[in-house]
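Undergrad: Enclosed is the structure file target_17.cif (mmCIF, C-alpha atoms and all ligand atoms).
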data_entry
#
loop_
_atom_site.group_PDB
_atom_site.id
_atom_site.type_symbol
_atom_site.label_atom_id
_atom_site.label_comp_id
_atom_site.auth_asym_id
_atom_site.auth_seq_id
_atom_site.Cartn_x
_atom_site.Cartn_y
_atom_site.Cartn_z
ATOM 1 C CA MET A 806 43.776 -49.366 -2.050
ATOM 2 C CA GLU A 807 44.720 -46.845 -4.784
ATOM 3 C CA LYS A 808 46.600 -48.307 -7.760
ATOM 4 C CA SER A 809 49.542 -45.944 -7.167
ATOM 5 C CA VAL A 810 49.799 -47.112 -3.539
ATOM 6 C CA GLN A 811 49.567 -50.733 -4.680
ATOM 7 C CA ASN A 812 52.438 -50.174 -7.083
ATOM 8 C CA LEU A 813 54.500 -48.532 -4.358
ATOM 9 C CA VAL A 814 53.843 -51.561 -2.142
ATOM 10 C CA TRP A 815 54.965 -53.784 -5.015
ATOM 11 C CA ALA A 816 58.219 -51.808 -5.472
ATOM 12 C CA LEU A 817 58.963 -51.992 -1.726
ATOM 13 C CA LYS A 818 58.297 -55.720 -1.690
ATOM 14 C CA PHE A 819 60.417 -56.391 -4.766
ATOM 15 C CA PRO A 820 63.680 -57.282 -2.894
ATOM 16 C CA VAL A 821 61.804 -59.779 -0.698
ATOM 17 C CA VAL A 822 60.010 -61.289 -3.688
ATOM 18 C CA LEU A 823 63.295 -61.528 -5.608
ATOM 19 C CA THR A 824 64.999 -63.362 -2.721
ATOM 20 C CA TYR A 825 62.051 -65.745 -2.444
ATOM 21 C CA THR A 826 62.069 -66.260 -6.231
ATOM 22 C CA VAL A 827 65.764 -67.070 -6.420
ATOM 23 C CA ALA A 828 65.620 -69.408 -3.406
ATOM 24 C CA LEU A 829 62.611 -71.301 -4.770
ATOM 25 C CA LYS A 830 64.144 -71.567 -8.222
ATOM 26 C CA LEU A 831 67.297 -73.067 -6.745
ATOM 27 C CA LYS A 832 65.204 -75.597 -4.838
ATOM 28 C CA ASN A 833 63.061 -76.465 -7.898
ATOM 29 C CA ARG A 834 65.782 -76.024 -10.518
ATOM 30 C CA HIS A 835 65.070 -79.380 -12.205
ATOM 31 C CA MET A 836 61.350 -78.730 -12.463
ATOM 32 C CA ASN A 837 61.382 -77.069 -15.834
ATOM 33 C CA ASN A 838 59.883 -79.865 -17.916
ATOM 34 C CA ALA A 839 56.357 -80.850 -18.919
ATOM 35 C CA GLU A 840 56.130 -83.508 -16.193
ATOM 36 C CA ASN A 841 56.850 -81.298 -13.226
ATOM 37 C CA TYR A 842 56.859 -77.574 -14.086
ATOM 38 C CA LEU A 843 53.457 -77.252 -12.419
ATOM 39 C CA VAL A 844 54.999 -78.276 -9.097
ATOM 40 C CA HIS A 845 57.171 -75.154 -9.272
ATOM 41 C CA GLN A 846 54.242 -73.005 -10.462
ATOM 42 C CA LYS A 847 52.083 -74.202 -7.577
ATOM 43 C CA ASP A 848 54.924 -73.799 -5.069
ATOM 44 C CA PHE A 849 55.529 -70.250 -6.205
ATOM 45 C CA PHE A 850 52.059 -68.900 -6.847
ATOM 46 C CA ARG A 851 50.225 -70.337 -3.865
ATOM 47 C CA SER A 852 52.315 -68.168 -1.559
ATOM 48 C CA GLY A 853 50.113 -65.795 0.468
ATOM 49 C CA PHE A 854 52.522 -62.889 0.305
ATOM 50 C CA LEU A 855 52.132 -62.639 -3.483
ATOM 51 C CA GLN A 856 48.456 -61.934 -2.907
ATOM 52 C CA ASP A 857 48.516 -58.193 -2.311
ATOM 53 C CA LYS A 858 46.389 -56.691 -5.117
ATOM 54 C CA SER A 859 49.399 -54.893 -6.602
ATOM 55 C CA ASP A 860 49.803 -55.151 -10.370
ATOM 56 C CA LYS A 861 53.074 -54.280 -12.047
ATOM 57 C CA PHE A 862 51.360 -54.371 -15.436
ATOM 58 C CA ALA A 863 48.515 -52.029 -14.454
ATOM 59 C CA SER A 864 49.591 -49.473 -17.083
ATOM 60 C CA VAL A 865 49.129 -51.896 -20.012
ATOM 61 C CA ARG A 866 45.972 -53.803 -19.056
ATOM 62 C CA ARG A 867 43.573 -51.450 -20.844
ATOM 63 C CA LYS A 868 45.552 -51.548 -24.081
ATOM 64 C CA ILE A 869 45.533 -55.373 -24.077
ATOM 65 C CA SER A 870 41.768 -55.367 -23.505
ATOM 66 C CA GLU A 871 41.196 -52.901 -26.328
ATOM 67 C CA TYR A 872 43.030 -55.203 -28.712
ATOM 68 C CA ALA A 873 40.845 -58.052 -27.453
ATOM 69 C CA LEU A 874 37.724 -56.027 -28.325
ATOM 70 C CA LEU A 875 38.696 -56.314 -32.007
ATOM 71 C CA GLY A 876 37.135 -59.780 -31.891
ATOM 72 C CA GLY A 877 33.737 -58.530 -30.630
ATOM 73 C CA LYS A 878 32.516 -57.853 -27.113
ATOM 74 C CA CYS A 879 30.466 -60.873 -26.260
ATOM 75 C CA ARG A 880 32.803 -63.370 -24.558
ATOM 76 C CA ALA A 881 36.428 -63.108 -23.497
ATOM 77 C CA LEU A 882 38.713 -65.598 -21.803
ATOM 78 C CA ASP A 883 41.735 -64.683 -19.701
ATOM 79 C CA ILE A 884 44.203 -67.576 -19.621
ATOM 80 C CA ALA A 885 46.343 -68.104 -16.480
ATOM 81 C CA THR A 886 44.659 -65.193 -14.762
ATOM 82 C CA GLY A 887 46.777 -65.078 -11.593
ATOM 83 C CA GLN A 888 45.222 -62.348 -9.426
ATOM 84 C CA GLY A 889 42.603 -61.632 -12.090
ATOM 85 C CA ASP A 890 43.840 -58.158 -13.100
ATOM 86 C CA GLN A 891 43.544 -58.732 -16.843
ATOM 87 C CA ALA A 892 40.122 -60.326 -16.419
ATOM 88 C CA ILE A 893 38.894 -57.246 -14.541
ATOM 89 C CA SER A 894 40.256 -55.017 -17.287
ATOM 90 C CA LEU A 895 38.471 -57.080 -19.976
ATOM 91 C CA LYS A 896 35.222 -56.709 -18.118
ATOM 92 C CA ASP A 897 35.730 -52.968 -17.574
ATOM 93 C CA ALA A 898 36.562 -52.557 -21.278
ATOM 94 C CA GLY A 899 33.063 -53.767 -22.115
ATOM 95 C CA PHE A 900 33.025 -57.545 -22.540
ATOM 96 C CA LEU A 901 29.581 -58.869 -21.675
ATOM 97 C CA HIS A 902 30.866 -62.219 -20.375
ATOM 98 C CA THR A 903 34.374 -62.642 -19.035
ATOM 99 C CA TYR A 904 35.855 -65.987 -18.042
ATOM 100 C CA ALA A 905 39.229 -66.506 -16.411
ATOM 101 C CA ILE A 906 41.132 -69.684 -15.629
ATOM 102 C CA ASP A 907 44.217 -70.660 -13.666
ATOM 103 C CA VAL A 908 45.800 -73.990 -12.800
ATOM 104 C CA VAL A 909 46.655 -73.063 -9.194
ATOM 105 C CA PRO A 910 43.526 -73.523 -7.040
ATOM 106 C CA GLU A 911 44.700 -70.989 -4.426
ATOM 107 C CA ARG A 912 44.830 -68.301 -7.117
ATOM 108 C CA VAL A 913 41.319 -69.082 -8.339
ATOM 109 C CA ASP A 914 39.988 -69.013 -4.753
ATOM 110 C CA TYR A 915 41.725 -65.674 -4.184
ATOM 111 C CA CYS A 916 40.201 -64.209 -7.383
ATOM 112 C CA ARG A 917 36.738 -65.407 -6.403
ATOM 113 C CA ARG A 918 37.193 -63.739 -3.031
ATOM 114 C CA ILE A 919 38.634 -60.365 -4.066
ATOM 115 C CA HIS A 920 36.618 -59.989 -7.273
ATOM 116 C CA CYS A 921 33.423 -61.328 -5.762
ATOM 117 C CA GLY A 922 30.434 -59.620 -7.388
ATOM 118 C CA SER A 923 32.423 -58.731 -10.522
ATOM 119 C CA GLY A 924 30.395 -61.180 -12.609
ATOM 120 C CA ILE A 925 33.591 -62.782 -13.904
ATOM 121 C CA GLU A 926 33.572 -66.548 -13.996
ATOM 122 C CA PHE A 927 36.815 -67.759 -12.417
ATOM 123 C CA ARG A 928 37.555 -71.435 -13.003
ATOM 124 C CA HIS A 929 40.269 -73.823 -11.963
ATOM 125 C CA MET A 930 41.573 -75.270 -15.237
ATOM 126 C CA ASP A 931 44.750 -76.247 -17.035
ATOM 127 C CA ALA A 932 45.278 -74.069 -20.112
ATOM 128 C CA SER A 933 46.687 -77.020 -22.035
ATOM 129 C CA ALA A 934 43.304 -78.787 -21.860
ATOM 130 C CA LEU A 935 40.593 -76.120 -21.957
ATOM 131 C CA ASP A 936 37.127 -77.259 -21.063
ATOM 132 C CA PHE A 937 35.361 -74.983 -23.591
ATOM 133 C CA GLU A 938 33.961 -75.694 -27.009
ATOM 134 C CA ASP A 939 35.614 -74.602 -30.272
ATOM 135 C CA ASP A 940 35.192 -70.922 -31.267
ATOM 136 C CA TYR A 941 33.450 -70.121 -27.981
ATOM 137 C CA PHE A 942 35.188 -66.795 -27.296
ATOM 138 C CA ASP A 943 35.400 -63.626 -29.369
ATOM 139 C CA SER A 944 38.868 -63.160 -27.952
ATOM 140 C CA VAL A 945 41.305 -65.032 -25.771
ATOM 141 C CA VAL A 946 44.041 -63.252 -23.855
ATOM 142 C CA VAL A 947 47.148 -64.508 -22.119
ATOM 143 C CA SER A 948 49.421 -62.263 -20.110
ATOM 144 C CA ALA A 949 52.751 -63.108 -18.532
ATOM 145 C CA ALA A 950 52.249 -66.874 -18.408
ATOM 146 C CA LEU A 951 53.445 -68.546 -21.639
ATOM 147 C CA HIS A 952 57.057 -67.841 -20.683
ATOM 148 C CA ASP A 953 56.595 -69.948 -17.522
ATOM 149 C CA MET A 954 55.839 -73.068 -19.535
ATOM 150 C CA PRO A 955 58.146 -75.627 -21.127
ATOM 151 C CA VAL A 956 58.055 -75.631 -24.940
ATOM 152 C CA SER A 957 55.749 -78.645 -25.361
ATOM 153 C CA VAL A 958 53.179 -77.279 -22.883
ATOM 154 C CA ARG A 959 53.356 -73.791 -24.392
ATOM 155 C CA ARG A 960 52.564 -75.228 -27.822
ATOM 156 C CA LYS A 961 49.570 -77.116 -26.470
ATOM 157 C CA VAL A 962 48.312 -73.979 -24.702
ATOM 158 C CA ILE A 963 48.654 -71.865 -27.862
ATOM 159 C CA SER A 964 46.812 -74.485 -29.860
ATOM 160 C CA GLU A 965 44.048 -74.600 -27.222
ATOM 161 C CA MET A 966 43.740 -70.792 -27.251
ATOM 162 C CA ALA A 967 43.409 -70.887 -31.038
ATOM 163 C CA ARG A 968 40.797 -73.622 -30.820
ATOM 164 C CA VAL A 969 38.470 -71.828 -28.390
ATOM 165 C CA ALA A 970 38.905 -68.369 -29.986
ATOM 166 C CA LYS A 971 36.592 -67.280 -32.756
ATOM 167 C CA GLY A 972 38.335 -64.024 -33.603
ATOM 168 C CA TYR A 973 41.483 -62.895 -31.845
ATOM 169 C CA VAL A 974 44.175 -64.129 -29.500
ATOM 170 C CA VAL A 975 46.131 -61.405 -27.712
ATOM 171 C CA ILE A 976 49.473 -62.341 -26.190
ATOM 172 C CA PHE A 977 51.274 -60.115 -23.675
ATOM 173 C CA GLU A 978 54.601 -61.702 -22.792
ATOM 174 C CA PRO A 979 58.321 -60.968 -22.566
ATOM 175 C CA ARG A 980 59.847 -60.128 -25.936
ATOM 176 C CA THR A 981 61.378 -62.868 -28.007
ATOM 177 C CA PHE A 982 64.549 -62.271 -30.020
ATOM 178 C CA ARG A 983 65.902 -63.688 -33.265
ATOM 179 C CA ASN A 984 69.223 -61.989 -32.566
ATOM 180 C CA ARG A 985 71.222 -64.505 -30.538
ATOM 181 C CA ILE A 986 73.137 -61.964 -28.467
ATOM 182 C CA ALA A 987 69.951 -60.099 -27.509
ATOM 183 C CA ALA A 988 68.255 -63.414 -26.666
ATOM 184 C CA PHE A 989 71.268 -64.444 -24.557
ATOM 185 C CA LEU A 990 71.403 -61.179 -22.598
ATOM 186 C CA TYR A 991 67.658 -60.805 -22.045
ATOM 187 C CA GLY A 992 67.305 -64.546 -21.366
ATOM 188 C CA HIS A 993 69.915 -64.452 -18.589
ATOM 189 C CA PHE A 994 68.509 -61.279 -17.058
ATOM 190 C CA GLY A 995 64.981 -62.730 -17.100
ATOM 191 C CA SER A 996 66.053 -66.084 -15.701
ATOM 192 C CA PHE A 997 67.478 -64.264 -12.706
ATOM 193 C CA VAL A 998 64.583 -61.929 -11.842
ATOM 194 C CA ASP A 999 61.572 -63.879 -13.127
ATOM 195 C CA GLU A 1000 59.893 -66.869 -11.475
ATOM 196 C CA SER A 1001 60.064 -68.876 -14.711
ATOM 197 C CA LEU A 1002 62.417 -71.837 -15.067
ATOM 198 C CA ASN A 1003 61.943 -71.640 -18.852
ATOM 199 C CA PHE A 1004 62.620 -67.981 -19.512
ATOM 200 C CA ARG A 1005 65.747 -68.519 -21.632
ATOM 201 C CA ASP A 1006 64.049 -71.056 -23.917
ATOM 202 C CA TYR A 1007 61.076 -68.758 -24.251
ATOM 203 C CA VAL A 1008 62.935 -65.652 -25.433
ATOM 204 C CA SER A 1009 64.872 -67.534 -28.094
ATOM 205 C CA GLU A 1010 61.907 -69.452 -29.530
ATOM 206 C CA ASP A 1011 60.401 -68.447 -32.871
ATOM 207 C CA LEU A 1012 56.983 -67.792 -31.372
ATOM 208 C CA ASP A 1013 55.452 -66.495 -34.606
ATOM 209 C CA SER A 1014 56.019 -69.864 -36.332
ATOM 210 C CA VAL A 1015 54.389 -71.666 -33.420
ATOM 211 C CA LEU A 1016 51.410 -69.308 -33.738
ATOM 212 C CA VAL A 1017 51.125 -69.937 -37.474
ATOM 213 C CA ASP A 1018 51.258 -73.699 -36.862
ATOM 214 C CA SER A 1019 48.241 -73.247 -34.584
ATOM 215 C CA GLY A 1020 46.297 -71.294 -37.188
ATOM 216 C CA LEU A 1021 47.044 -67.818 -35.826
ATOM 217 C CA LYS A 1022 48.375 -64.920 -37.866
ATOM 218 C CA VAL A 1023 50.182 -62.086 -36.069
ATOM 219 C CA VAL A 1024 48.494 -58.937 -37.370
ATOM 220 C CA SER A 1025 50.346 -56.472 -35.149
ATOM 221 C CA GLU A 1026 53.059 -56.395 -32.554
ATOM 222 C CA GLU A 1027 53.998 -53.662 -30.132
ATOM 223 C CA HIS A 1028 56.956 -53.479 -27.773
ATOM 224 C CA ILE A 1029 55.910 -52.019 -24.477
ATOM 225 C CA TRP A 1030 56.767 -51.729 -20.770
ATOM 226 C CA MET A 1031 60.211 -50.176 -21.263
ATOM 227 C CA GLY A 1032 60.659 -52.325 -24.357
ATOM 228 C CA MET A 1033 60.881 -55.527 -22.301
ATOM 229 C CA MET A 1034 57.438 -56.923 -23.132
ATOM 230 C CA SER A 1035 55.444 -57.327 -26.299
ATOM 231 C CA ILE A 1036 51.790 -57.424 -27.226
ATOM 232 C CA LYS A 1037 51.108 -59.674 -30.188
ATOM 233 C CA VAL A 1038 47.659 -59.385 -31.701
ATOM 234 C CA CYS A 1039 46.796 -62.588 -33.564
ATOM 235 C CA GLN A 1040 43.836 -63.265 -35.763
ATOM 236 C CA LYS A 1041 42.481 -66.727 -36.230
ATOM 237 C CA MET A 1042 43.167 -67.588 -39.850
ATOM 238 C CA ASN A 1043 39.584 -68.497 -40.679
ATOM 239 C CA ALA A 1044 38.214 -65.577 -38.603
ATOM 240 C CA GLY A 1045 36.089 -62.857 -40.091
ATOM 241 C CA SER A 1046 33.654 -65.322 -41.606
ATOM 242 C CA ARG A 1047 30.188 -64.203 -40.670
ATOM 243 C CA ILE A 1048 27.286 -66.457 -39.993
ATOM 244 C CA ARG A 1049 24.845 -66.744 -42.884
ATOM 245 C CA THR A 1050 21.199 -67.138 -42.144
ATOM 246 C CA HIS A 1051 17.847 -66.333 -43.772
ATOM 247 C CA VAL A 1052 15.320 -63.611 -43.075
ATOM 248 C CA GLY A 1053 12.291 -64.472 -45.180
ATOM 249 C CA THR A 1054 13.824 -65.769 -48.402
ATOM 250 C CA LYS A 1055 16.888 -63.475 -48.338
ATOM 251 C CA PRO A 1056 20.234 -64.723 -46.970
ATOM 252 C CA VAL A 1057 21.802 -62.161 -44.591
ATOM 253 C CA ASP A 1058 25.067 -61.942 -42.695
ATOM 254 C CA ILE A 1059 24.658 -61.882 -38.925
ATOM 255 C CA PRO A 1060 27.598 -60.544 -36.918
ATOM 256 C CA PRO A 1061 28.592 -63.147 -34.307
ATOM 257 C CA ILE A 1062 27.881 -60.672 -31.472
ATOM 258 C CA LEU A 1063 24.131 -61.109 -31.951
ATOM 259 C CA PHE A 1064 24.529 -64.669 -30.685
ATOM 260 C CA CYS A 1065 25.977 -63.602 -27.379
HETATM 261 C C1 LIG G 1 53.192 -64.668 -13.767
HETATM 262 S S1 LIG G 1 51.574 -65.252 -13.441
HETATM 263 C C2 LIG G 1 50.652 -64.177 -14.498
HETATM 264 C C3 LIG G 1 49.272 -63.942 -14.012
HETATM 265 C C4 LIG G 1 48.412 -62.976 -14.809
HETATM 266 N N1 LIG G 1 48.076 -63.480 -16.130
HETATM 267 C C5 LIG G 1 48.984 -61.597 -14.896
HETATM 268 O O1 LIG G 1 49.056 -61.045 -15.995
HETATM 269 O O2 LIG G 1 49.335 -61.031 -13.869
HETATM 270 C C6 LIG G 1 51.503 -66.794 -14.301
HETATM 271 C C7 LIG G 1 50.230 -67.572 -14.018
HETATM 272 O O3 LIG G 1 50.169 -68.675 -14.920
HETATM 273 C C8 LIG G 1 49.500 -69.723 -14.253
HETATM 274 N N2 LIG G 1 49.735 -70.952 -15.030
HETATM 275 C C9 LIG G 1 50.910 -71.542 -15.315
HETATM 276 N N3 LIG G 1 50.724 -72.660 -16.054
HETATM 277 C C10 LIG G 1 49.383 -72.749 -16.268
HETATM 278 C C11 LIG G 1 48.556 -73.671 -16.974
HETATM 279 N N4 LIG G 1 49.061 -74.734 -17.609
HETATM 280 N N5 LIG G 1 47.229 -73.460 -16.984
HETATM 281 C C12 LIG G 1 46.677 -72.387 -16.347
HETATM 282 N N6 LIG G 1 47.416 -71.502 -15.645
HETATM 283 C C13 LIG G 1 48.750 -71.661 -15.613
HETATM 284 C C14 LIG G 1 50.136 -69.688 -12.872
HETATM 285 O O4 LIG G 1 49.380 -70.379 -11.919
HETATM 286 C C15 LIG G 1 50.173 -68.171 -12.628
HETATM 287 O O5 LIG G 1 49.013 -67.727 -11.974
#
Go ahead and express the file in the form of structure tokens.

TA:
Amino acid sequence: MEKSVQNLVWALKFPVVLTYTVALKLKNRHMNNAENYLVHQKDFFRSGFLQDKSDKFASVRRKISEYALLGGKCRALDIATGQGDQAISLKDAGFLHTYAIDVVPERVDYCRRIHCGSGIEFRHMDASALDFEDDYFDSVVVSAALHDMPVSVRRKVISEMARVAKGYVVIFEPRTFRNRIAAFLYGHFGSFVDESLNFRDYVSEDLDSVLVDSGLKVVSEEHIWMGMMSIKVCQKMNAGSRIRTHVGTKPVDIPPILFC
């Protein structure tokens, strides 16, 4: 199906999805903490009617992937991949090896089915305990998922992303606000339309400090998607160091990409 048709389908389905979202959030309203937020995530995202190949963020995927390429083009990881749209974009942008993880098994199965033959490695995994070694990826990307998590889980996930990234972490999420009125208004709007039970906490958190605590420096930020979302490009603080080796007796710098 054409992307434009997919987006039309998404717009037509929006009232149904919104009703489903509100009803499920009422049912699961107490499931916003670290112990049980995954119950709500699994309840919401395993639903078959969300699996329709439409992507409301189609217009920004390429830009996110291009930021990710700043880290090199060997290995990329897409955290909380959902339907795999960002993972596909990373691969299309030129990454040689793309991995994508999600905590809901139905979503991973769906990705394996619809993106079969893409060469992307889809794995069932919790982003707060990544089963990858330190500095394994040139870049790690997360899109539209951190705002679903309670604060303590979000911090663990950010620290895990920083651990497995060698170069860059790119974060595409709803905007956060220091201004209390803006945070209040956007937080209430988002808590109504979005599936997250933690939207309000998310938009008022000082995300940049959390990133710094995890060893990530925000090198650029762009407000996008009608000003409602932001792309933060973060560099790992010790990134940029190149691997020193010897050719004959001379030490030379080898760019990490040669070890792909
Ligand atoms: C709104 S969807 C976003 C999907 C996708 N990244 C996108 O841009 O369309 C949020 C996704 O986060 C996943 N998720 C939530 N908590 C997670 C966790 N701790 N580990 C991995 N995935 C998680 C959910 O299963 C869901 O697929």

Undergrad: Give the answer as one residue: which of A:Glu926, A:Asp953, A:Asp860, A:Asp914 has the shortest atom-to-atom distance to Asp999 (chain A), using all atoms listed in the file?

TA: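 Nearest candidate to Asp999 (chain A) out of A:Glu926, A:Asp953, A:Asp860, A:Asp914: A:Asp953.
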
Undergrad: From the set A:Val947, A:Leu901, A:Ala885, A:Leu1002, which residue has the shortest atom-to-atom contact distance to Arg866 (chain A), counting all atoms listed in the file?

TA: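 Of A:Val947, A:Leu901, A:Ala885, A:Leu1002, the one nearest Arg866 (chain A), counting all atoms listed in the file, is A:Val947.
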
Undergrad: Let me have all residues with an atom within 9 Å of ligand LIG 1 (chain G), counting all atoms listed in the file, laid out as a PyMOL selection string.

TA: chain A and resi 842-843+846-847+849-851+860-862+866+883-892+906-913+929-935+946-954+958-959+962+977-978+999-1001

Undergrad: Check the smallest atom-to-atom distance from each of A:Thr981, A:Met836, A:Met966, A:Ser923 to Phe937 (chain A) using all atoms listed in the file, then report the winner.

TA: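 Selected residue with least distance to Phe937 (chain A): A:Met966.
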
Undergrad: With 10 Å as the threshold, what does the neighbourhood of (34.8, -59.1, -19.3) contain in terms of residues, counting only C-alpha atoms? Coordinates are those of the file; answer as number ranges by chain.

TA: A: 870, 874, 878-883, 891-905, 923-926

Undergrad: To one decimal in Å, tell me the separation between CA of Ala967 (chain A) and CA of Val865 (chain A).

TA: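 According to the coordinates, CA of Ala967 (chain A) and CA of Val865 (chain A) are separated by 22.7 Å.
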
Undergrad: Between A:Ile986, A:Ser1014, A:Gly972, A:Val998, which is the closest to Gln1040 (chain A) once you count only C-alpha atoms?

TA: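 Between A:Ile986, A:Ser1014, A:Gly972, A:Val998, the residue approaching Gln1040 (chain A) most closely is A:Gly972.
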